[in-house]
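The structure file my_file-v8.tsv is reproduced below (TSV, C-alpha atoms).
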chain	number	residue	atom	x	y	z
A	27	ASP	CA	0.00	0.00	0.00
A	28	ILE	CA	1.05	3.60	-0.56
A	29	GLN	CA	1.81	5.29	2.75
A	30	MET	CA	0.91	8.95	3.22
A	31	THR	CA	2.70	11.00	5.87
A	32	GLN	CA	1.54	14.47	6.89
A	33	SER	CA	3.45	17.08	8.82
A	34	PRO	CA	3.03	18.62	11.23
A	35	SER	CA	0.49	16.55	13.19
A	36	SER	CA	-0.85	19.77	14.66
A	37	LEU	CA	-0.18	23.47	14.55
A	38	SER	CA	-1.36	26.61	16.27
A	39	ALA	CA	-2.08	29.71	14.26
A	40	SER	CA	-3.93	32.99	14.47
A	41	VAL	CA	-6.68	34.40	12.29
A	42	GLY	CA	-5.04	36.01	9.28
A	43	ASP	CA	-1.96	33.77	9.32
A	44	ARG	CA	-0.70	31.80	6.32
A	45	VAL	CA	-0.54	28.09	7.07
A	46	SER	CA	1.10	25.25	5.16
A	47	ILE	CA	0.63	21.52	5.62
A	48	THR	CA	2.87	18.95	3.94
A	49	CYS	CA	1.96	15.49	2.70
A	50	ARG	CA	4.54	12.95	1.50
A	51	ALA	CA	3.79	9.75	-0.40
A	52	SER	CA	5.88	6.59	-0.04
A	53	GLN	CA	6.12	6.36	-3.84
A	54	SER	CA	5.49	8.68	-6.75
A	55	ILE	CA	1.78	9.32	-7.25
A	56	GLY	CA	1.91	12.03	-9.92
A	57	SER	CA	-0.83	14.53	-9.13
A	58	TYR	CA	-3.22	11.93	-7.73
A	59	LEU	CA	-3.63	13.68	-4.41
A	60	ASN	CA	-6.75	14.98	-2.66
A	61	TRP	CA	-7.16	17.19	0.42
A	62	PHE	CA	-10.08	17.09	2.87
A	63	GLN	CA	-11.19	19.27	5.76
A	64	GLN	CA	-12.97	17.75	8.76
A	65	LYS	CA	-14.58	19.65	11.60
A	66	PRO	CA	-15.42	17.98	14.94
A	67	GLY	CA	-18.42	15.69	14.73
A	68	LYS	CA	-18.77	16.20	10.97
A	69	ALA	CA	-17.94	14.22	7.87
A	70	PRO	CA	-14.85	15.15	5.83
A	71	GLU	CA	-15.34	17.58	2.97
A	72	LEU	CA	-13.37	17.65	-0.26
A	73	LEU	CA	-11.20	20.75	-0.67
A	74	ILE	CA	-8.77	19.97	-3.48
A	75	TYR	CA	-8.35	17.17	-6.03
A	76	ALA	CA	-5.62	16.45	-8.55
A	77	ALA	CA	-3.16	18.08	-6.13
A	78	SER	CA	-4.08	21.64	-7.04
A	79	VAL	CA	-7.65	21.91	-8.35
A	80	LEU	CA	-10.03	23.66	-6.00
A	81	TYR	CA	-13.32	21.78	-5.52
A	82	SER	CA	-16.50	23.72	-6.28
A	83	GLY	CA	-17.40	26.25	-3.60
A	84	VAL	CA	-14.07	26.08	-1.76
A	85	PRO	CA	-12.69	29.55	-0.95
A	86	SER	CA	-9.73	30.73	-2.99
A	87	ARG	CA	-7.59	31.18	0.14
A	88	PHE	CA	-7.04	27.41	-0.06
A	89	SER	CA	-4.46	26.18	-2.55
A	90	GLY	CA	-2.60	22.97	-3.25
A	91	SER	CA	0.69	22.25	-4.93
A	92	GLY	CA	3.15	19.49	-5.59
A	93	SER	CA	3.55	16.33	-7.62
A	94	GLY	CA	5.38	13.04	-7.37
A	95	THR	CA	5.89	12.43	-3.66
A	96	ASP	CA	5.69	15.86	-2.03
A	97	PHE	CA	2.57	17.97	-1.71
A	98	THR	CA	1.48	21.08	0.17
A	99	LEU	CA	-1.85	22.51	1.26
A	100	THR	CA	-1.69	26.25	1.92
A	101	ILE	CA	-4.31	28.37	3.60
A	102	ASN	CA	-3.81	32.09	3.06
A	103	SER	CA	-5.28	34.44	5.64
A	104	LEU	CA	-6.67	31.81	8.02
A	105	GLN	CA	-10.31	32.37	8.94
A	106	PRO	CA	-12.14	31.26	12.11
A	107	GLU	CA	-14.03	28.59	10.16
A	108	ASP	CA	-10.75	27.06	8.94
A	109	PHE	CA	-9.81	25.65	12.34
A	110	ALA	CA	-10.23	21.96	11.65
A	111	THR	CA	-8.31	18.79	10.83
A	112	TYR	CA	-6.95	18.35	7.32
A	113	TYR	CA	-6.25	15.04	5.58
A	114	CYS	CA	-4.45	14.20	2.37
A	115	GLN	CA	-5.45	11.11	0.35
A	116	GLN	CA	-3.77	9.43	-2.57
A	117	SER	CA	-5.94	8.47	-5.53
A	118	TYR	CA	-3.12	6.85	-7.54
A	119	SER	CA	-4.00	3.39	-6.25
A	120	THR	CA	-7.57	2.29	-5.66
A	121	LEU	CA	-6.35	0.87	-2.37
A	122	TRP	CA	-6.98	4.38	-1.11
A	123	THR	CA	-4.88	5.67	1.78
A	124	PHE	CA	-5.07	8.82	3.87
A	125	GLY	CA	-2.50	10.78	5.78
A	126	GLN	CA	-2.82	10.75	9.57
A	127	GLY	CA	-4.24	14.28	9.64
A	128	THR	CA	-3.09	17.75	10.68
A	129	LYS	CA	-5.08	19.60	13.31
A	130	VAL	CA	-5.10	23.37	12.90
A	131	GLU	CA	-5.82	25.03	16.25
A	132	ILE	CA	-6.33	28.59	17.38
A	133	LYS	CA	-3.28	30.19	18.94
B	21	GLU	CA	-31.29	17.23	-2.16
B	22	VAL	CA	-28.11	15.37	-2.98
B	23	GLN	CA	-27.23	13.32	0.08
B	24	LEU	CA	-26.06	10.07	1.62
B	25	VAL	CA	-27.57	8.82	4.87
B	26	GLU	CA	-25.99	5.95	6.80
B	27	SER	CA	-27.84	3.75	9.26
B	28	GLY	CA	-27.43	0.49	11.13
B	29	GLY	CA	-24.75	1.45	13.62
B	30	ASP	CA	-25.18	-0.14	17.05
B	31	LEU	CA	-23.53	-1.61	20.12
B	32	VAL	CA	-22.44	-5.16	19.37
B	33	GLN	CA	-20.44	-7.77	21.26
B	34	PRO	CA	-17.03	-8.95	20.03
B	35	GLY	CA	-17.47	-11.71	17.49
B	36	GLY	CA	-20.84	-10.38	16.43
B	37	SER	CA	-22.11	-9.15	13.08
B	38	LEU	CA	-23.70	-5.97	11.83
B	39	ARG	CA	-24.99	-4.67	8.51
B	40	LEU	CA	-24.67	-0.99	7.71
B	41	SER	CA	-26.75	0.76	5.07
B	42	CYS	CA	-26.26	3.96	3.12
B	43	ALA	CA	-29.25	5.50	1.37
B	44	ALA	CA	-28.50	7.77	-1.59
B	45	SER	CA	-30.79	10.43	-2.96
B	46	GLY	CA	-30.72	13.35	-5.36
B	47	PHE	CA	-28.32	11.84	-7.90
B	48	PRO	CA	-28.18	8.80	-10.23
B	49	PHE	CA	-26.78	6.33	-7.72
B	50	SER	CA	-26.28	3.54	-10.25
B	51	ASN	CA	-23.78	5.69	-12.18
B	52	PHE	CA	-21.30	6.07	-9.33
B	53	ARG	CA	-18.65	4.06	-7.54
B	54	MET	CA	-19.13	4.05	-3.77
B	55	ASN	CA	-16.91	3.56	-0.73
B	56	TRP	CA	-16.92	2.89	2.99
B	57	VAL	CA	-14.49	4.81	5.20
B	58	ARG	CA	-14.23	4.60	8.98
B	59	GLN	CA	-12.80	6.72	11.76
B	60	ALA	CA	-12.01	5.31	15.19
B	61	PRO	CA	-12.56	7.71	18.11
B	62	GLY	CA	-9.90	10.42	18.05
B	63	LYS	CA	-8.15	8.81	15.07
B	64	GLY	CA	-7.75	9.43	11.36
B	65	LEU	CA	-9.63	8.21	8.31
B	66	GLU	CA	-9.31	4.62	7.11
B	67	TRP	CA	-10.62	3.52	3.72
B	68	LEU	CA	-12.34	0.12	3.86
B	69	SER	CA	-14.04	-0.86	0.60
B	70	ASN	CA	-14.97	0.30	-2.88
B	71	ILE	CA	-17.65	-0.99	-5.25
B	72	GLY	CA	-18.20	-0.17	-8.90
B	73	PRO	CA	-21.46	1.18	-10.34
B	74	SER	CA	-22.87	-2.24	-11.23
B	75	GLY	CA	-21.45	-4.02	-8.22
B	76	SER	CA	-19.20	-6.23	-10.30
B	77	THR	CA	-15.95	-4.54	-9.26
B	78	ILE	CA	-15.04	-4.64	-5.59
B	79	SER	CA	-11.91	-3.91	-3.60
B	80	HIS	CA	-11.25	-4.13	0.12
B	81	ALA	CA	-8.47	-2.92	2.36
B	82	ASP	CA	-6.08	-5.76	3.19
B	83	SER	CA	-6.50	-5.04	6.90
B	84	LEU	CA	-10.09	-6.32	6.84
B	85	ARG	CA	-8.92	-9.88	6.10
B	86	GLY	CA	-12.23	-10.83	4.53
B	87	ARG	CA	-14.40	-9.94	7.52
B	88	PHE	CA	-16.27	-7.11	5.79
B	89	THR	CA	-18.22	-7.28	2.51
B	90	ILE	CA	-19.48	-4.34	0.48
B	91	SER	CA	-22.57	-4.62	-1.72
B	92	ARG	CA	-25.19	-2.41	-3.33
B	93	ASP	CA	-28.78	-2.50	-4.57
B	94	ASN	CA	-29.17	0.04	-7.34
B	95	ALA	CA	-32.94	-0.49	-7.45
B	96	LYS	CA	-33.08	0.74	-3.85
B	97	ASN	CA	-30.35	3.38	-4.24
B	98	SER	CA	-28.56	1.72	-1.35
B	99	LEU	CA	-25.06	0.70	-0.35
B	100	TYR	CA	-24.31	-1.88	2.32
B	101	LEU	CA	-21.45	-3.09	4.48
B	102	GLN	CA	-21.76	-6.52	6.07
B	103	MET	CA	-19.39	-6.74	9.02
B	104	ASN	CA	-18.61	-10.11	10.61
B	105	SER	CA	-16.34	-11.29	13.43
B	106	LEU	CA	-16.31	-7.80	14.89
B	107	ARG	CA	-13.46	-6.79	17.20
B	108	ASP	CA	-12.95	-4.01	19.72
B	109	GLU	CA	-10.77	-2.19	17.19
B	110	ASP	CA	-13.68	-1.98	14.74
B	111	THR	CA	-15.29	0.61	17.02
B	112	ALA	CA	-15.61	3.69	14.81
B	113	VAL	CA	-17.84	6.04	12.91
B	114	TYR	CA	-18.52	4.51	9.50
B	115	TYR	CA	-19.02	6.81	6.51
B	116	CYS	CA	-20.18	6.07	3.00
B	117	ALA	CA	-18.69	8.27	0.29
B	118	ARG	CA	-19.33	8.79	-3.41
B	119	ASP	CA	-16.36	8.32	-5.72
B	120	ARG	CA	-16.34	10.59	-8.75
B	121	ASP	CA	-14.10	11.23	-11.76
B	122	TYR	CA	-12.80	14.69	-12.52
B	123	TYR	CA	-11.07	15.38	-15.83
B	124	GLY	CA	-7.98	17.53	-16.03
B	125	SER	CA	-4.60	17.72	-17.76
B	126	GLY	CA	-5.49	14.90	-20.13
B	127	THR	CA	-6.45	12.35	-17.52
B	128	TYR	CA	-9.11	11.51	-14.96
B	129	TYR	CA	-8.71	12.05	-11.26
B	130	ARG	CA	-10.88	10.42	-8.62
B	131	ALA	CA	-12.12	12.01	-5.43
B	132	PHE	CA	-14.65	11.33	-2.69
B	133	ASP	CA	-16.90	14.32	-3.29
B	134	LEU	CA	-19.98	13.44	-1.24
B	135	TRP	CA	-20.05	11.91	2.25
B	136	GLY	CA	-22.78	10.79	4.60
B	137	GLN	CA	-23.01	12.00	8.20
B	138	GLY	CA	-21.70	8.70	9.55
B	139	THR	CA	-23.08	5.93	11.77
B	140	MET	CA	-21.44	4.81	15.01
B	141	VAL	CA	-20.46	1.19	15.58
B	142	THR	CA	-19.36	0.23	19.08
B	143	VAL	CA	-17.89	-3.21	19.70
B	144	SER	CA	-17.80	-3.99	23.40
Same coordinates, now as structure tokens:
Amino acid sequence: DIQMTQSPSSLSASVGDRVSITCRASQSIGSYLNWFQQKPGKAPELLIYAASVLYSGVPSRFSGSGSGTDFTLTINSLQPEDFATYYCQQSYSTLWTFGQGTKVEIK
Amino acid sequence: EVQLVESGGDLVQPGGSLRLSCAASGFPFSNFRMNWVRQAPGKGLEWLSNIGPSGSTISHADSLRGRFTISRDNAKNSLYLQMNSLRDEDTAVYYCARDRDYYGSGTYYRAFDLWGQGTMVTVS
């Protein structure tokens, strides 16, 4: 299986900050990388697919980059509603795997 | 309204069985691949199973070791997960998720674009 490793596991930030989360795949996955946001008690929601394409309705302060094994989710000007846990997921193999998650907390 | 609604979660003893359901509405269910994903309390997301639109293509995570079986009934717009030989570590919220193709840069990319609210399974 393809292993996905996110860093950091958690971070503290303030409203208005720029935040970056990294996801590394155990093998090259091209651009087959998705990002999800999950708030407490809620289902995950798709943010980005194909490493950098913003899903419909997702604010433009979210962006994704990378290819191969290294990927980044960036949130520009963090908003109160962005405090959540973020997961990457590879879609290269249909034995889907997720990263362990990154919790973004209020500083 | 486009939505997925899971049901069937319950408290079950170790070694027991349970069948989860996921009711789809608002979209042509029979056109889409579907998945089950779970999340143990305080933990991350774990993909479990995928089924093709007709039900003829199925894949399961190796970790399940044949204990779980995914199925669907397109006439009822429903997805199922039969869980047998349940263990304490199967305690989790179970989500169903729609699997959709998105075209870009000359190829198709897949993403889980619609999720249910989840159903809780407790094995104890």
Worksheet item: Counting all atoms listed in the file, which residues from chain B have an atom at most 6 Å from any atom of chain A, and could you show them as a VMD selection string?
Response: chain B and resid 64 133 137
Worksheet item: Of the residues B:Val57, B:Val25, B:Ala44, B:Leu38, which is the one nearest to B:Ser98, using all atoms listed in the file?
Response: B:Ala44
Spatial neighbours of B:Tyr115, max dist 9 Å, all atoms listed in the file, sep filter under 2 positions, as a PDB file with C-alpha atoms, in the frame of the given file:
ATOM      1  CA  ALA A  69     -17.940  14.220   7.870  1.00  0.00           C
TER       2      ALA A  69
ATOM      3  CA  VAL B  25     -27.570   8.820   4.870  1.00  0.00           C
ATOM      4  CA  GLU B  26     -25.990   5.950   6.800  1.00  0.00           C
ATOM      5  CA  CYS B  42     -26.260   3.960   3.120  1.00  0.00           C
ATOM      6  CA  ASN B  55     -16.910   3.560  -0.730  1.00  0.00           C
ATOM      7  CA  TRP B  56     -16.920   2.890   2.990  1.00  0.00           C
ATOM      8  CA  VAL B  57     -14.490   4.810   5.200  1.00  0.00           C
ATOM      9  CA  ARG B  58     -14.230   4.600   8.980  1.00  0.00           C
ATOM     10  CA  GLN B  59     -12.800   6.720  11.760  1.00  0.00           C
ATOM     11  CA  VAL B 113     -17.840   6.040  12.910  1.00  0.00           C
ATOM     12  CA  ALA B 117     -18.690   8.270   0.290  1.00  0.00           C
ATOM     13  CA  TRP B 135     -20.050  11.910   2.250  1.00  0.00           C
ATOM     14  CA  GLY B 136     -22.780  10.790   4.600  1.00  0.00           C
ATOM     15  CA  GLN B 137     -23.010  12.000   8.200  1.00  0.00           C
ATOM     16  CA  GLY B 138     -21.700   8.700   9.550  1.00  0.00           C
ATOM     17  CA  THR B 139     -23.080   5.930  11.770  1.00  0.00           C
TER      18      THR B 139
END
Item to complete: In Å, rounded to a single decimal, give me how far atom CA of B:Leu84 is from atom CA of B:Ser69.
Response: 9.2 Å
Item to complete: Go through A:Lys65, A:Ala110, A:Arg44, A:Ser54 one by one, measure the shortest atom-to-atom distance of each to A:Ser89 using all atoms listed in the file, and give the residue with the smallest value.
Response: A:Arg44
Worksheet item: Closest to B:Asp30 among B:Phe52, B:Phe47, B:Tyr100, B:Tyr114, using only C-alpha atoms?
Response: B:Tyr114
Item to complete: List every protein, DNA or RNA residue that has an atom no more than 10 Å from (-10.7, 11.4, -12.4) in the file's coordinate frame, counting all atoms listed in the file, and report them as JSON, numbers by chain.
Response: {"A": [58, 75, 76, 117], "B": [119, 120, 121, 122, 123, 124, 126, 127, 128, 129, 130, 131]}
Let's have the selection written as a short mmCIF file (atom, residue, chain, number, x, y, z; two decimals), keeping the file's coordinate frame, with C-alpha atoms.
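Result file follows (out-v6.cif):
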data_model
loop_
_atom_site.label_atom_id
_atom_site.label_comp_id
_atom_site.auth_asym_id
_atom_site.auth_seq_id
_atom_site.Cartn_x
_atom_site.Cartn_y
_atom_site.Cartn_z
CA TYR A 58 -3.22 11.93 -7.73
CA TYR A 75 -8.35 17.17 -6.03
CA ALA A 76 -5.62 16.45 -8.55
CA SER A 117 -5.94 8.47 -5.53
CA ASP B 119 -16.36 8.32 -5.72
CA ARG B 120 -16.34 10.59 -8.75
CA ASP B 121 -14.10 11.23 -11.76
CA TYR B 122 -12.80 14.69 -12.52
CA TYR B 123 -11.07 15.38 -15.83
CA GLY B 124 -7.98 17.53 -16.03
CA GLY B 126 -5.49 14.90 -20.13
CA THR B 127 -6.45 12.35 -17.52
CA TYR B 128 -9.11 11.51 -14.96
CA TYR B 129 -8.71 12.05 -11.26
CA ARG B 130 -10.88 10.42 -8.62
CA ALA B 131 -12.12 12.01 -5.43
#
Fill in: Residue neighbourhood A:Ser33, 8 Å, all atoms listed in the file, exclusion window fewer than 5 positions, as JSON, numbers by chain
{"A": [47, 48, 49, 128]}
Discussion item. I'd like the interatomic distance between atom CA of A:Ile55 and atom CA of A:Ser119, to a tenth of an Å.
Written reply: 8.3 Å
Discussion item. Please report the interatomic distance between atom CA of A:Ser91 and atom CA of A:Val41 in Å with one decimal.
Written reply: 22.3 Å
Would you kindly identify which residues have an atom no farther than 10 Å from (6.4, 16.6, 5.0), using only C-alpha atoms and the file's own coordinates, and write them out as a short mmCIF file (atom, residue, chain, number, x, y, z; two decimals) with C-alpha atoms, in the coordinates of the input?
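This went into out_10.cif:
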data_model
loop_
_atom_site.label_atom_id
_atom_site.label_comp_id
_atom_site.auth_asym_id
_atom_site.auth_seq_id
_atom_site.Cartn_x
_atom_site.Cartn_y
_atom_site.Cartn_z
CA MET A 30 0.91 8.95 3.22
CA THR A 31 2.70 11.00 5.87
CA GLN A 32 1.54 14.47 6.89
CA SER A 33 3.45 17.08 8.82
CA PRO A 34 3.03 18.62 11.23
CA ILE A 47 0.63 21.52 5.62
CA THR A 48 2.87 18.95 3.94
CA CYS A 49 1.96 15.49 2.70
CA ARG A 50 4.54 12.95 1.50
CA ALA A 51 3.79 9.75 -0.40
CA THR A 95 5.89 12.43 -3.66
CA ASP A 96 5.69 15.86 -2.03
CA PHE A 97 2.57 17.97 -1.71
CA THR A 98 1.48 21.08 0.17
#
Discussion item. Env of A:Gln53: 8 Å cut, atoms = only C-alpha atoms, seq-sep filter 3 positions within chain, self excluded. Answer as a ChimeraX atom specification.
Written reply: /A:28-29,94-95
Any chance you could model N, CA and C atoms for stretch 97-125 of chain A and send them as a short mmCIF file (atom, residue, chain, number, x, y, z; two decimals), keeping the file's coordinate frame?
data_model
loop_
_atom_site.label_atom_id
_atom_site.label_comp_id
_atom_site.auth_asym_id
_atom_site.auth_seq_id
_atom_site.Cartn_x
_atom_site.Cartn_y
_atom_site.Cartn_z
N PHE A 97 3.72 17.13 -1.46
CA PHE A 97 2.57 17.97 -1.71
C PHE A 97 2.37 18.95 -0.55
N THR A 98 1.73 20.07 -0.85
CA THR A 98 1.48 21.08 0.17
C THR A 98 0.08 21.65 0.03
N LEU A 99 -0.59 21.77 1.17
CA LEU A 99 -1.85 22.51 1.26
C LEU A 99 -1.53 23.83 1.95
N THR A 100 -1.92 24.93 1.34
CA THR A 100 -1.69 26.25 1.92
C THR A 100 -3.01 26.95 2.14
N ILE A 101 -3.15 27.54 3.30
CA ILE A 101 -4.31 28.37 3.60
C ILE A 101 -3.81 29.80 3.80
N ASN A 102 -4.19 30.69 2.92
CA ASN A 102 -3.81 32.09 3.06
C ASN A 102 -4.85 32.82 3.89
N SER A 103 -4.39 33.65 4.80
CA SER A 103 -5.28 34.44 5.64
C SER A 103 -6.32 33.56 6.33
N LEU A 104 -5.85 32.77 7.28
CA LEU A 104 -6.67 31.81 8.02
C LEU A 104 -7.90 32.48 8.61
N GLN A 105 -9.05 31.86 8.41
CA GLN A 105 -10.31 32.37 8.94
C GLN A 105 -10.80 31.50 10.09
N PRO A 106 -11.67 32.03 10.96
CA PRO A 106 -12.14 31.26 12.11
C PRO A 106 -12.73 29.90 11.72
N GLU A 107 -13.40 29.85 10.57
CA GLU A 107 -14.03 28.59 10.16
C GLU A 107 -13.04 27.58 9.60
N ASP A 108 -11.77 27.97 9.48
CA ASP A 108 -10.75 27.06 8.94
C ASP A 108 -10.09 26.20 10.01
N PHE A 109 -10.39 26.46 11.28
CA PHE A 109 -9.81 25.65 12.34
C PHE A 109 -10.49 24.29 12.30
N ALA A 110 -9.70 23.28 11.95
CA ALA A 110 -10.23 21.96 11.65
C ALA A 110 -9.04 21.01 11.49
N THR A 111 -9.34 19.76 11.14
CA THR A 111 -8.31 18.79 10.83
C THR A 111 -8.30 18.56 9.32
N TYR A 112 -7.11 18.49 8.76
CA TYR A 112 -6.95 18.35 7.32
C TYR A 112 -6.25 17.03 7.00
N TYR A 113 -6.78 16.34 5.99
CA TYR A 113 -6.25 15.04 5.58
C TYR A 113 -5.89 15.07 4.10
N CYS A 114 -4.75 14.47 3.77
CA CYS A 114 -4.45 14.20 2.37
C CYS A 114 -4.85 12.75 2.06
N GLN A 115 -5.06 12.45 0.80
CA GLN A 115 -5.45 11.11 0.35
C GLN A 115 -4.88 10.89 -1.03
N GLN A 116 -4.25 9.73 -1.22
CA GLN A 116 -3.77 9.43 -2.57
C GLN A 116 -4.86 8.74 -3.36
N SER A 117 -4.98 9.12 -4.64
CA SER A 117 -5.94 8.47 -5.53
C SER A 117 -5.21 7.78 -6.69
N TYR A 118 -3.92 7.54 -6.52
CA TYR A 118 -3.12 6.85 -7.54
C TYR A 118 -3.48 5.36 -7.57
N SER A 119 -3.61 4.79 -6.39
CA SER A 119 -4.00 3.39 -6.25
C SER A 119 -5.41 3.33 -5.69
N THR A 120 -6.21 2.40 -6.19
CA THR A 120 -7.57 2.29 -5.66
C THR A 120 -7.61 1.59 -4.31
N LEU A 121 -6.46 1.22 -3.79
CA LEU A 121 -6.35 0.87 -2.37
C LEU A 121 -6.03 2.20 -1.68
N TRP A 122 -7.12 3.00 -1.57
CA TRP A 122 -6.98 4.38 -1.11
C TRP A 122 -6.32 4.45 0.26
N THR A 123 -5.47 5.45 0.47
CA THR A 123 -4.88 5.67 1.78
C THR A 123 -4.87 7.17 2.09
N PHE A 124 -5.04 7.45 3.38
CA PHE A 124 -5.07 8.82 3.87
C PHE A 124 -3.82 9.10 4.71
N GLY A 125 -3.47 10.37 4.79
CA GLY A 125 -2.50 10.78 5.78
C GLY A 125 -3.14 10.73 7.16
#
